[in-house]
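**Q** I'd like to ask some things about the structure below.
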There are 2 protein chains.
Amino acid sequence: MSKNAVRIKDIAAKANVSVGTVDRVLHNRGRVAEDVRQKVLLMMQELEYEPNMIARTLGSNRTYQLAAVQPSHTLDPYWQAPWEGINKAARELQQYGVTLRVYPYDMSRVDSFREQMELATQAQPDGIVIAPLFYRESLPFFERWQHAKIPYVLFNTYITEINPLSYVGQDSYQSGFLAGKLLQFGQTQPGTYLIAHIAEDIANSVHVTQKEQGFRDYFAQLPASQTAGITVRSIDLPYPTEPAFAGRLTGLLAQNQPVRGIFVSTSRAYAIAPYLQPYAAAIRLVGYDLLEENIHYLQEGTIDFLINQNPKEQGYYGLYALADQLIFKKEVPPLKYLPLDIIAKENLHYYVEK
Amino acid sequence: MSKNAVRIKDIAAKANVSVGTVDRVLHNRGRVAEDVRQKVLLMMQELEYEPNMIARTLGSNRTYQLAAVQPSHTLDPYWQAPWEGINKAARELQQYGVTLRVYPYDMSRVDSFREQMELATQAQPDGIVIAPLFYRESLPFFERWQHAKIPYVLFNTYITEINPLSYVGQDSYQSGFLAGKLLQFGQTQPGTYLIAHIAEDIANSVHVTQKEQGFRDYFAQLPASQTAGITVRSIDLPYPTEPAFAGRLTGLLAQNQPVRGIFVSTSRAYAIAPYLQPYAAAIRLVGYDLLEENIHYLQEGTIDFLINQNPKEQGYYGLYALADQLIFKKEVPPLKYLPLDIIAKENLHYYVEK
DNA sequence: TTGTACGCGTTATCAA
DNA sequence: TTGATAACGCGTACAA
């Protein structure tokens, strides 16, 4: 052991009290005379006491029930990754007495969300990680948790006006900005750049709005010499399976001013890719996330870049934020932005491996 | 605690022996009858015993002296990051009894390398992480370590023909390939693409050779329609401070066939950037690593992309590989490629923050 | 308000 | 070749 490990016992000796007393001031359990308290506190500072977390978790038989609320990973492929990240963290934290319960909801049904949130709340966990895709429906639960002093961590979707322990995720605005660069970079011809929202309820999704803002701001900040003849448009598309989808899309592509690039604001770039194949490299396509379908079109060349939001890491660090707070008593940053990885065909395999 | 945690005591009871005996078979300490040994082993399997690492490290007062050998972070800015990563890991591992000693060498002096390697070896550490920039001079030490059964982990620079516990770093070939894409992407005009080696002893550096190979292969795999009129050349430049440097470089830029892009094979893109400023965006520049000088030119626009080799993570995971082997008895993958992050002005701030 | 003693799961020592 | 038993540092009843 690091030779100079200061123990609770050392403080007790130096302060002429018992280890029980030191323990009480250490955890503010009360029942200790003020003057004694001060003396112990002083000794702790002098000796630079650092609690031994190993011994602490071994000694206390405390367990921590953590809850995770996210869209079902069996219903939507994107949510597989966060689910894995959360479970990976849970396995690592098992030896610290952590048990995890996941509450998956159907992201196409608000009532499913509310139902799972209610279940998670009823279980009275010691902490909650949540991807709050439904804005309005989330708020009342946050209030209840705040009142019950249950720490909760947001991931994937940021919601202002509330005070989570932490938010773990990507900076949507910056990712939109970056998408703009990837579409326009090296292109000199005039034409149209599209941002496509596929089956999104934009009004209820801060997320997508921020991406669009970033995307538009990229073009706005370009020098005038480069923006001449360039149009930026946003389009709303229905679910890819709807009959209207194909018609709407091909209509857009057949317009007078040629389309130079399309930025898909969600992970559904694969739905657009087949329609771009006839245009070969003439229309750039940038989207999000390493779904199997996206990977396919990236390798094939129709999708030029994918922006990876590190979904697995989002889940992983989300749960760890709770552990840092509850178990390790570390300071938890209120905001943890994960890097936006730019993935091209050539560096793809690094990401699919892990 | 996970209620059904099987303890050494449970095995002892089920096998009708004492915990001492179980401990002996668990660690192959010998001094135990073969039939008893088999019985205990069987019980362990039946109960699916998983050792409690927390209790183990608390009980054993073992300490682990680890050594790190890398170029001095005060002499070359690149090595600041790995140094930080190693130290971060060391801090986290402190409570597991890990102490770290760093042996920095002057990367411009072979004798300094040999000297520090000798010191590290003399200290008889329990494990070593090393960035072996000097190929030939490393080999004899690896042999000594192998003989002394000291596990060692390579990072940053891969050396074949030896058997380290693990290599942590980037895939040089792929990064060269990727650099090719970033230079050529979206460019249609004919011209020259350069790969510049600045003050590199290429013969003794597998590293750089692999980068060049990847770079050339990128252009080789392009469809013929895109490679017409394209030349790929490699150039060796002296130290940026040498008088010959500027002359050589400006001579290259003034040639008949216009230069479309330059790929700098090391972290010294900043040395070339000033000479490209007159050409504005006409010549793309791609390099490695987030050094302060590189960041400056990236923000300013002269450098288009930087490939980040995750140097901090290299150090961090390098040390952790040793800990996983020695302390946590986890399986250590022989190869851990870190992602090649593509960094543009727009996503820069994620990387400088962390 | 304070101190004592035992338990957490494992390692390590020493006696049998 | 075995089995008790005291550490490891801390939490926590319970007694004083």
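Every chain in the structure tokens has a letter given in the order shown (A, B, ...), and although residue numbers restart at 1 in each chain, ligands are simply numbered from 1 in the order shown.
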Please provide as a PyMOL selection string all residues within 12 Å of Ser205 (chain A), with the sequence filter that same-chain residues fewer than 4 positions apart are discarded (counting only C-alpha atoms (C1' of nucleotides)).
**A** chain A and resi 132-136+156-159+172+197+199-201+209-212+265-266
**Q** What residues in region 48-238 of chain A get the DSSP label alpha helix (DSSP H)? Please answer as a ChimeraX atom specification.
**A** /A:53-59,80-93,110-122,135-147,172-184,206-220,224-227
**Q** Grab the residues selected above and save them as an mmCIF file, in the first residue's frame with C-alpha atoms.
**A**
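Ended up saving to again_14.cif:
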```cif
data_model
loop_
_atom_site.group_PDB
_atom_site.id
_atom_site.type_symbol
_atom_site.label_atom_id
_atom_site.label_comp_id
_atom_site.auth_asym_id
_atom_site.auth_seq_id
_atom_site.Cartn_x
_atom_site.Cartn_y
_atom_site.Cartn_z
ATOM 1 C CA MET A 53 -13.075 3.487 -1.103
ATOM 2 C CA ILE A 54 -12.125 -0.159 -1.302
ATOM 3 C CA ALA A 55 -12.499 -0.627 2.405
ATOM 4 C CA ARG A 56 -15.576 1.520 2.518
ATOM 5 C CA THR A 57 -17.571 -0.502 0.039
ATOM 6 C CA LEU A 58 -16.395 -3.703 1.617
ATOM 7 C CA GLY A 59 -17.329 -2.613 5.097
ATOM 8 C CA GLN A 80 -28.996 -0.973 -28.772
ATOM 9 C CA ALA A 81 -25.768 0.945 -28.192
ATOM 10 C CA PRO A 82 -26.803 3.014 -25.160
ATOM 11 C CA TRP A 83 -28.348 -0.100 -23.725
ATOM 12 C CA GLU A 84 -25.023 -1.885 -24.040
ATOM 13 C CA GLY A 85 -23.156 1.019 -22.525
ATOM 14 C CA ILE A 86 -25.438 1.134 -19.530
ATOM 15 C CA ASN A 87 -25.159 -2.581 -18.995
ATOM 16 C CA LYS A 88 -21.408 -2.515 -19.346
ATOM 17 C CA ALA A 89 -21.187 0.119 -16.650
ATOM 18 C CA ALA A 90 -23.582 -1.885 -14.497
ATOM 19 C CA ARG A 91 -21.380 -4.965 -14.744
ATOM 20 C CA GLU A 92 -18.323 -3.007 -13.736
ATOM 21 C CA LEU A 93 -20.149 -1.456 -10.829
ATOM 22 C CA VAL A 110 -46.323 8.452 -25.176
ATOM 23 C CA ASP A 111 -48.363 6.307 -22.859
ATOM 24 C CA SER A 112 -45.643 3.669 -22.910
ATOM 25 C CA PHE A 113 -43.173 6.333 -21.840
ATOM 26 C CA ARG A 114 -45.386 7.508 -19.028
ATOM 27 C CA GLU A 115 -46.009 3.971 -17.924
ATOM 28 C CA GLN A 116 -42.330 3.050 -17.668
ATOM 29 C CA MET A 117 -41.504 6.324 -15.964
ATOM 30 C CA GLU A 118 -44.159 5.572 -13.399
ATOM 31 C CA LEU A 119 -42.783 2.090 -12.832
ATOM 32 C CA ALA A 120 -39.253 3.388 -12.433
ATOM 33 C CA THR A 121 -40.422 5.984 -9.955
ATOM 34 C CA GLN A 122 -42.455 3.479 -7.943
ATOM 35 C CA TYR A 135 -40.333 16.767 -23.313
ATOM 36 C CA ARG A 136 -43.625 17.688 -21.681
ATOM 37 C CA GLU A 137 -44.296 14.296 -20.212
ATOM 38 C CA SER A 138 -40.908 14.243 -18.514
ATOM 39 C CA LEU A 139 -41.222 17.387 -16.466
ATOM 40 C CA PRO A 140 -43.627 16.186 -13.762
ATOM 41 C CA PHE A 141 -41.411 13.178 -13.068
ATOM 42 C CA PHE A 142 -38.332 15.332 -12.727
ATOM 43 C CA GLU A 143 -40.171 17.331 -10.124
ATOM 44 C CA ARG A 144 -41.122 14.245 -8.197
ATOM 45 C CA TRP A 145 -37.557 12.974 -8.235
ATOM 46 C CA GLN A 146 -36.208 16.297 -7.169
ATOM 47 C CA HIS A 147 -38.633 16.292 -4.283
ATOM 48 C CA SER A 172 -26.573 19.113 -31.240
ATOM 49 C CA TYR A 173 -25.839 22.589 -32.499
ATOM 50 C CA GLN A 174 -22.212 21.797 -33.190
ATOM 51 C CA SER A 175 -23.077 18.574 -34.940
ATOM 52 C CA GLY A 176 -25.335 20.456 -37.324
ATOM 53 C CA PHE A 177 -22.588 22.951 -37.975
ATOM 54 C CA LEU A 178 -20.156 20.168 -38.655
ATOM 55 C CA ALA A 179 -22.598 18.467 -41.010
ATOM 56 C CA GLY A 180 -22.715 21.668 -42.997
ATOM 57 C CA LYS A 181 -18.963 21.631 -43.395
ATOM 58 C CA LEU A 182 -18.882 18.011 -44.479
ATOM 59 C CA LEU A 183 -21.516 18.630 -47.129
ATOM 60 C CA GLN A 184 -20.079 21.815 -48.534
ATOM 61 C CA VAL A 206 -35.247 20.540 -29.018
ATOM 62 C CA HIS A 207 -32.646 18.264 -30.378
ATOM 63 C CA VAL A 208 -33.515 18.522 -34.026
ATOM 64 C CA THR A 209 -34.124 22.228 -33.865
ATOM 65 C CA GLN A 210 -30.613 22.769 -32.595
ATOM 66 C CA LYS A 211 -29.140 20.618 -35.329
ATOM 67 C CA GLU A 212 -30.933 22.640 -37.962
ATOM 68 C CA GLN A 213 -29.797 25.888 -36.407
ATOM 69 C CA GLY A 214 -26.180 24.758 -36.455
ATOM 70 C CA PHE A 215 -26.514 23.579 -40.027
ATOM 71 C CA ARG A 216 -27.930 26.894 -41.197
ATOM 72 C CA ASP A 217 -25.387 28.869 -39.222
ATOM 73 C CA TYR A 218 -22.563 27.063 -40.968
ATOM 74 C CA PHE A 219 -23.684 28.368 -44.320
ATOM 75 C CA ALA A 220 -24.465 31.769 -42.875
ATOM 76 C CA ALA A 224 -20.118 35.740 -49.431
ATOM 77 C CA SER A 225 -17.924 34.537 -52.260
ATOM 78 C CA GLN A 226 -18.748 30.967 -51.393
ATOM 79 C CA THR A 227 -22.446 31.302 -50.703
#
```
**Q** Only residues of chain A matter here; which ones have an atom within 6 Å of chain B, counting only C-alpha atoms? Give them as a PyMOL selection string.
**A** chain A and resi 1+54+63+97+178+186+339+346+350
**Q** With all Cα atoms paired residue by residue, do a least-squares superposition of chain B on chain A and hand back the transformed coordinates as a short mmCIF file (atom, residue, chain, number, x, y, z; two decimals) with C-alpha atoms, in the first residue's frame.
**A**
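Wrote it out as selection.cif, contents follow:
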```
data_model
loop_
_atom_site.label_atom_id
_atom_site.label_comp_id
_atom_site.auth_asym_id
_atom_site.auth_seq_id
_atom_site.Cartn_x
_atom_site.Cartn_y
_atom_site.Cartn_z
CA MET B 1 0.11 0.42 -0.25
CA SER B 2 1.21 4.00 -0.44
CA LYS B 3 3.17 3.87 2.79
CA ASN B 4 1.85 7.17 4.10
CA ALA B 5 -1.81 6.27 3.82
CA VAL B 6 -3.62 8.12 6.58
CA ARG B 7 -6.30 6.02 8.18
CA ILE B 8 -9.29 6.84 10.28
CA LYS B 9 -7.41 5.24 13.12
CA ASP B 10 -4.57 7.74 12.82
CA ILE B 11 -6.96 10.63 13.14
CA ALA B 12 -8.59 9.01 16.14
CA ALA B 13 -5.25 8.66 17.88
CA LYS B 14 -4.15 12.20 17.12
CA ALA B 15 -7.47 13.60 18.37
CA ASN B 16 -7.64 11.36 21.40
CA VAL B 17 -10.97 9.87 20.43
CA SER B 18 -12.14 6.54 19.10
CA VAL B 19 -12.63 5.59 15.48
CA GLY B 20 -16.36 5.59 16.08
CA THR B 21 -16.28 9.29 16.84
CA VAL B 22 -14.21 10.05 13.78
CA ASP B 23 -16.64 8.10 11.69
CA ARG B 24 -19.52 10.12 13.08
CA VAL B 25 -18.03 13.47 12.21
CA LEU B 26 -16.86 12.15 8.86
CA HIS B 27 -20.44 11.37 7.89
CA ASN B 28 -22.22 14.05 9.89
CA ARG B 29 -24.12 11.46 11.83
CA GLY B 30 -24.48 13.87 14.73
CA ARG B 31 -24.29 12.70 18.34
CA VAL B 32 -20.89 14.26 18.84
CA ALA B 33 -19.87 17.26 20.95
CA GLU B 34 -19.11 20.35 18.94
CA ASP B 35 -15.63 20.92 20.36
CA VAL B 36 -14.68 17.30 19.71
CA ARG B 37 -16.05 17.63 16.22
CA GLN B 38 -13.88 20.64 15.51
CA LYS B 39 -10.80 18.93 16.84
CA VAL B 40 -11.36 15.88 14.67
CA LEU B 41 -12.02 18.04 11.63
CA LEU B 42 -8.76 19.85 12.27
CA MET B 43 -6.77 16.63 12.53
CA MET B 44 -8.31 15.40 9.31
CA GLN B 45 -7.15 18.52 7.55
CA GLU B 46 -3.68 18.38 9.05
CA LEU B 47 -3.14 14.78 8.07
CA GLU B 48 -4.80 15.32 4.70
CA TYR B 49 -7.03 12.35 5.20
CA GLU B 50 -8.35 10.65 2.06
CA PRO B 51 -10.95 7.95 2.64
CA ASN B 52 -10.12 4.52 1.32
CA MET B 53 -13.00 3.70 -1.00
CA ILE B 54 -12.03 0.07 -1.20
CA ALA B 55 -12.39 -0.42 2.49
CA ARG B 56 -15.50 1.70 2.58
CA THR B 57 -17.44 -0.36 0.10
CA LEU B 58 -16.26 -3.54 1.74
CA GLY B 59 -17.24 -2.38 5.18
CA SER B 60 -20.59 -0.92 4.35
CA ASN B 61 -22.95 -3.47 2.99
CA ARG B 62 -24.87 -0.78 1.16
CA THR B 63 -26.40 -1.58 -2.17
CA TYR B 64 -27.48 0.87 -4.82
CA GLN B 65 -30.53 0.27 -6.95
CA LEU B 66 -30.16 2.25 -10.14
CA ALA B 67 -32.79 2.66 -12.83
CA ALA B 68 -32.43 3.38 -16.53
CA VAL B 69 -35.27 4.63 -18.70
CA GLN B 70 -34.72 4.58 -22.45
CA PRO B 71 -36.47 3.53 -25.67
CA SER B 72 -36.58 -0.19 -26.12
CA HIS B 73 -33.47 -1.50 -27.88
CA THR B 74 -35.51 -4.26 -29.48
CA LEU B 75 -37.89 -1.85 -31.17
CA ASP B 76 -35.33 0.63 -32.52
CA PRO B 77 -31.79 -0.39 -33.47
CA TYR B 78 -30.24 2.89 -32.38
CA TRP B 79 -30.96 2.16 -28.77
CA GLN B 80 -28.99 -1.04 -28.74
CA ALA B 81 -25.77 0.90 -28.18
CA PRO B 82 -26.79 2.98 -25.16
CA TRP B 83 -28.33 -0.14 -23.69
CA GLU B 84 -25.00 -1.92 -24.01
CA GLY B 85 -23.12 1.00 -22.52
CA ILE B 86 -25.40 1.12 -19.52
CA ASN B 87 -25.12 -2.58 -18.96
CA LYS B 88 -21.36 -2.50 -19.32
CA ALA B 89 -21.15 0.14 -16.63
CA ALA B 90 -23.53 -1.85 -14.47
CA ARG B 91 -21.33 -4.92 -14.69
CA GLU B 92 -18.26 -2.94 -13.71
CA LEU B 93 -20.09 -1.39 -10.80
CA GLN B 94 -21.55 -4.63 -9.58
CA GLN B 95 -18.76 -5.18 -7.10
CA TYR B 96 -19.60 -1.85 -5.57
CA GLY B 97 -23.08 -3.10 -4.79
CA VAL B 98 -24.82 -1.63 -7.80
CA THR B 99 -27.81 -3.35 -9.33
CA LEU B 100 -29.50 -2.01 -12.42
CA ARG B 101 -33.06 -2.19 -13.63
CA VAL B 102 -33.86 -0.99 -17.15
CA TYR B 103 -37.26 0.39 -18.04
CA PRO B 104 -37.64 0.29 -21.83
CA TYR B 105 -40.40 2.21 -23.49
CA ASP B 106 -41.90 2.22 -26.95
CA MET B 107 -40.73 5.51 -28.40
CA SER B 108 -43.72 5.73 -30.69
CA ARG B 109 -46.16 5.69 -27.76
CA VAL B 110 -46.33 8.41 -25.15
CA ASP B 111 -48.36 6.29 -22.80
CA SER B 112 -45.64 3.65 -22.85
CA PHE B 113 -43.17 6.31 -21.81
CA ARG B 114 -45.36 7.51 -18.99
CA GLU B 115 -45.98 3.98 -17.85
CA GLN B 116 -42.31 3.06 -17.61
CA MET B 117 -41.46 6.36 -15.94
CA GLU B 118 -44.11 5.61 -13.35
CA LEU B 119 -42.73 2.13 -12.77
CA ALA B 120 -39.20 3.44 -12.39
CA THR B 121 -40.36 6.06 -9.93
CA GLN B 122 -42.39 3.58 -7.89
CA ALA B 123 -39.32 1.40 -7.48
CA GLN B 124 -37.70 4.20 -5.49
CA PRO B 125 -34.22 3.71 -6.91
CA ASP B 126 -31.15 5.48 -5.58
CA GLY B 127 -30.53 7.13 -8.94
CA ILE B 128 -31.92 7.29 -12.46
CA VAL B 129 -30.46 7.66 -15.95
CA ILE B 130 -32.92 8.65 -18.59
CA ALA B 131 -33.18 9.53 -22.26
CA PRO B 132 -36.19 11.88 -22.10
CA LEU B 133 -37.45 11.87 -25.65
CA PHE B 134 -40.80 13.25 -24.58
CA TYR B 135 -40.35 16.76 -23.38
CA ARG B 136 -43.63 17.69 -21.74
CA GLU B 137 -44.30 14.30 -20.25
CA SER B 138 -40.89 14.24 -18.56
CA LEU B 139 -41.20 17.41 -16.54
CA PRO B 140 -43.58 16.23 -13.81
CA PHE B 141 -41.39 13.23 -13.10
CA PHE B 142 -38.29 15.38 -12.79
CA GLU B 143 -40.10 17.41 -10.19
CA ARG B 144 -41.06 14.32 -8.22
CA TRP B 145 -37.50 13.06 -8.29
CA GLN B 146 -36.12 16.38 -7.26
CA HIS B 147 -38.54 16.41 -4.36
CA ALA B 148 -37.59 12.87 -3.36
CA LYS B 149 -33.91 13.85 -3.66
CA ILE B 150 -33.24 11.14 -6.18
CA PRO B 151 -30.35 12.17 -8.45
CA TYR B 152 -31.07 11.75 -12.15
CA VAL B 153 -28.87 11.99 -15.19
CA LEU B 154 -30.06 12.89 -18.69
CA PHE B 155 -28.47 11.43 -21.77
CA ASN B 156 -29.02 11.75 -25.51
CA THR B 157 -31.59 14.49 -25.16
CA TYR B 158 -31.00 17.70 -23.29
CA ILE B 159 -33.79 19.52 -21.57
CA THR B 160 -33.26 22.95 -20.16
CA GLU B 161 -35.25 24.48 -17.31
CA ILE B 162 -34.49 21.58 -15.03
CA ASN B 163 -31.57 20.61 -12.88
CA PRO B 164 -30.35 17.13 -13.52
CA LEU B 165 -27.22 15.91 -11.80
CA SER B 166 -25.64 15.85 -15.23
CA TYR B 167 -26.29 15.73 -18.95
CA VAL B 168 -24.28 13.32 -21.04
CA GLY B 169 -24.55 13.59 -24.78
CA GLN B 170 -23.68 15.47 -27.88
CA ASP B 171 -23.87 19.13 -28.75
CA SER B 172 -26.62 19.14 -31.34
CA TYR B 173 -25.89 22.61 -32.62
CA GLN B 174 -22.25 21.81 -33.30
CA SER B 175 -23.13 18.59 -35.03
CA GLY B 176 -25.39 20.46 -37.42
CA PHE B 177 -22.62 22.95 -38.07
CA LEU B 178 -20.19 20.14 -38.73
CA ALA B 179 -22.64 18.44 -41.09
CA GLY B 180 -22.74 21.66 -43.08
CA LYS B 181 -18.98 21.59 -43.45
CA LEU B 182 -18.92 17.96 -44.52
CA LEU B 183 -21.54 18.59 -47.20
CA GLN B 184 -20.08 21.76 -48.61
CA PHE B 185 -16.36 21.17 -48.12
CA GLY B 186 -14.57 21.26 -51.46
CA GLN B 187 -17.69 21.91 -53.49
CA THR B 188 -17.64 25.00 -55.61
CA GLN B 189 -20.74 24.66 -57.76
CA PRO B 190 -23.97 26.44 -56.85
CA GLY B 191 -26.95 24.38 -55.84
CA THR B 192 -29.22 23.33 -53.00
CA TYR B 193 -28.31 21.87 -49.63
CA LEU B 194 -31.09 20.07 -47.82
CA ILE B 195 -31.63 19.18 -44.21
CA ALA B 196 -34.11 16.34 -44.07
CA HIS B 197 -36.22 15.53 -41.04
CA ILE B 198 -37.69 12.08 -41.32
CA ALA B 199 -40.77 11.33 -39.25
CA GLU B 200 -39.87 13.84 -36.57
CA ASP B 201 -42.19 15.83 -34.41
CA ILE B 202 -39.98 18.88 -34.63
CA ALA B 203 -42.01 21.00 -32.29
CA ASN B 204 -41.47 18.60 -29.40
CA SER B 205 -37.81 17.97 -30.13
CA VAL B 206 -35.25 20.60 -29.11
CA HIS B 207 -32.67 18.30 -30.47
CA VAL B 208 -33.55 18.57 -34.10
CA THR B 209 -34.15 22.29 -33.97
CA GLN B 210 -30.63 22.82 -32.69
CA LYS B 211 -29.18 20.65 -35.42
CA GLU B 212 -30.97 22.68 -38.06
CA GLN B 213 -29.80 25.93 -36.53
CA GLY B 214 -26.19 24.77 -36.57
CA PHE B 215 -26.53 23.60 -40.14
CA ARG B 216 -27.94 26.91 -41.31
CA ASP B 217 -25.37 28.87 -39.36
CA TYR B 218 -22.56 27.05 -41.08
CA PHE B 219 -23.67 28.34 -44.44
CA ALA B 220 -24.43 31.75 -43.01
CA GLN B 221 -20.87 32.20 -41.78
CA LEU B 222 -19.26 31.34 -45.10
CA PRO B 223 -17.67 34.22 -47.00
CA ALA B 224 -20.04 35.69 -49.55
CA SER B 225 -17.84 34.46 -52.39
CA GLN B 226 -18.71 30.89 -51.51
CA THR B 227 -22.38 31.25 -50.84
CA ALA B 228 -23.40 32.72 -54.16
CA GLY B 229 -26.02 30.52 -55.74
CA ILE B 230 -26.37 28.33 -52.70
CA THR B 231 -29.76 27.58 -51.19
CA VAL B 232 -30.37 25.91 -47.87
CA ARG B 233 -33.73 24.25 -47.36
CA SER B 234 -35.28 22.05 -44.75
CA ILE B 235 -37.78 19.38 -45.65
CA ASP B 236 -40.08 17.19 -43.62
CA LEU B 237 -40.54 13.65 -44.77
CA PRO B 238 -43.02 11.09 -43.49
CA TYR B 239 -42.14 7.60 -42.31
CA PRO B 240 -40.07 5.85 -45.01
CA THR B 241 -42.71 3.15 -45.33
CA GLU B 242 -45.44 5.65 -46.21
CA PRO B 243 -46.21 5.85 -49.92
CA ALA B 244 -45.77 9.63 -49.91
CA PHE B 245 -42.12 9.26 -48.95
CA ALA B 246 -40.70 8.22 -52.29
CA GLY B 247 -42.76 10.69 -54.28
CA ARG B 248 -41.79 13.61 -52.11
CA LEU B 249 -38.12 12.75 -52.26
CA THR B 250 -37.80 12.11 -55.98
CA GLY B 251 -39.73 15.31 -56.61
CA LEU B 252 -37.15 17.26 -54.67
CA LEU B 253 -34.28 15.69 -56.52
CA ALA B 254 -35.77 16.45 -59.93
CA GLN B 255 -35.97 20.19 -59.40
CA ASN B 256 -34.22 22.75 -61.51
CA GLN B 257 -31.51 23.76 -59.11
CA PRO B 258 -29.40 20.66 -58.54
CA VAL B 259 -29.15 19.23 -55.03
CA ARG B 260 -25.54 19.13 -53.86
CA GLY B 261 -25.98 17.52 -50.49
CA ILE B 262 -28.48 16.16 -48.01
CA PHE B 263 -28.10 16.16 -44.26
CA VAL B 264 -30.42 13.79 -42.45
CA SER B 265 -31.12 15.03 -38.95
CA THR B 266 -31.63 11.58 -37.43
CA SER B 267 -30.17 8.13 -37.78
CA ARG B 268 -32.36 7.37 -40.78
CA ALA B 269 -29.99 8.32 -43.59
CA TYR B 270 -30.35 4.75 -44.84
CA ALA B 271 -33.92 5.54 -45.85
CA ILE B 272 -32.76 8.18 -48.29
CA ALA B 273 -29.65 6.48 -49.62
CA PRO B 274 -31.37 4.17 -52.13
CA TYR B 275 -32.86 7.15 -53.93
CA LEU B 276 -29.45 8.77 -54.32
CA GLN B 277 -27.69 5.83 -55.89
CA PRO B 278 -28.48 6.99 -59.45
CA TYR B 279 -26.71 10.26 -58.71
CA ALA B 280 -23.52 8.51 -57.67
CA ALA B 281 -21.13 10.95 -56.03
CA ALA B 282 -22.95 14.03 -57.31
CA ILE B 283 -25.07 14.36 -54.19
CA ARG B 284 -23.38 14.11 -50.86
CA LEU B 285 -25.17 12.45 -48.00
CA VAL B 286 -24.38 12.93 -44.33
CA GLY B 287 -26.26 11.37 -41.46
CA TYR B 288 -26.01 10.08 -37.94
CA ASP B 289 -25.08 6.89 -36.20
CA LEU B 290 -23.59 3.56 -37.06
CA LEU B 291 -26.68 1.52 -37.69
CA GLU B 292 -26.22 -1.56 -39.79
CA GLU B 293 -28.15 -0.08 -42.70
CA ASN B 294 -26.18 3.14 -42.54
CA ILE B 295 -22.91 1.23 -42.48
CA HIS B 296 -23.96 -0.60 -45.57
CA TYR B 297 -24.49 2.55 -47.57
CA LEU B 298 -21.35 4.11 -46.17
CA GLN B 299 -19.23 1.24 -47.41
CA GLU B 300 -21.02 1.27 -50.70
CA GLY B 301 -20.34 4.98 -51.14
CA THR B 302 -23.80 6.50 -51.15
CA ILE B 303 -23.45 7.88 -47.66
CA ASP B 304 -20.29 10.00 -47.49
CA PHE B 305 -20.02 10.58 -43.77
CA LEU B 306 -21.74 9.49 -40.63
CA ILE B 307 -21.55 11.52 -37.48
CA ASN B 308 -21.24 9.20 -34.55
CA GLN B 309 -22.82 10.40 -31.35
CA ASN B 310 -21.03 7.80 -29.26
CA PRO B 311 -24.30 6.28 -28.12
CA LYS B 312 -22.67 3.49 -26.18
CA GLU B 313 -20.53 5.94 -24.29
CA GLN B 314 -23.57 8.03 -23.53
CA GLY B 315 -25.13 5.15 -21.65
CA TYR B 316 -21.87 4.17 -20.04
CA TYR B 317 -20.96 7.57 -18.71
CA GLY B 318 -24.54 8.30 -17.80
CA LEU B 319 -24.63 5.47 -15.33
CA TYR B 320 -21.13 6.25 -14.14
CA ALA B 321 -22.16 9.79 -13.34
CA LEU B 322 -24.60 8.37 -10.83
CA ALA B 323 -21.98 6.08 -9.38
CA ASP B 324 -19.48 8.92 -9.10
CA GLN B 325 -22.03 10.91 -7.16
CA LEU B 326 -23.43 8.16 -4.95
CA ILE B 327 -20.50 5.85 -4.39
CA PHE B 328 -17.23 7.57 -5.12
CA LYS B 329 -18.32 11.00 -3.95
CA LYS B 330 -16.53 12.51 -6.90
CA GLU B 331 -17.56 15.81 -8.34
CA VAL B 332 -19.84 15.31 -11.32
CA PRO B 333 -19.68 17.88 -14.13
CA PRO B 334 -23.18 19.13 -15.00
CA LEU B 335 -22.41 18.78 -18.69
CA LYS B 336 -20.41 16.10 -20.44
CA TYR B 337 -20.30 16.52 -24.19
CA LEU B 338 -19.02 13.49 -25.99
CA PRO B 339 -16.93 13.92 -29.11
CA LEU B 340 -18.62 13.99 -32.49
CA ASP B 341 -16.74 11.38 -34.42
CA ILE B 342 -16.67 11.83 -38.16
CA ILE B 343 -16.79 8.47 -39.78
CA ALA B 344 -15.91 7.76 -43.37
CA LYS B 345 -15.61 4.42 -45.07
CA GLU B 346 -11.92 4.42 -44.34
CA ASN B 347 -11.98 4.69 -40.58
CA LEU B 348 -15.20 2.82 -40.10
CA HIS B 349 -13.76 -0.38 -38.77
CA TYR B 350 -12.39 1.19 -35.62
CA TYR B 351 -15.87 2.02 -34.56
CA VAL B 352 -17.65 -1.16 -35.45
CA GLU B 353 -15.07 -3.20 -33.59
CA LYS B 354 -15.54 -1.57 -30.26
#
```
**Q** Hey, list the chain C side of the contact with chain A: 12 Å cut-off, only C-alpha atoms (C1' of nucleotides), answer as a PyMOL selection string.
**A** chain C and resi 1-10
**Q** Select, as a ChimeraX atom specification, those residues of chain D with any atom no more than 10 Å from chain A (distances computed using only C-alpha atoms (C1' of nucleotides)).
**A** /D:8-12
**Q** Can you list, as number ranges by chain, all residues belonging to region 41-271 of chain A that DSSP tags as strand (DSSP E)?
**A** A: 64-71, 98-105, 127-130, 152-155, 166-169, 191-198, 230-237, 259-264
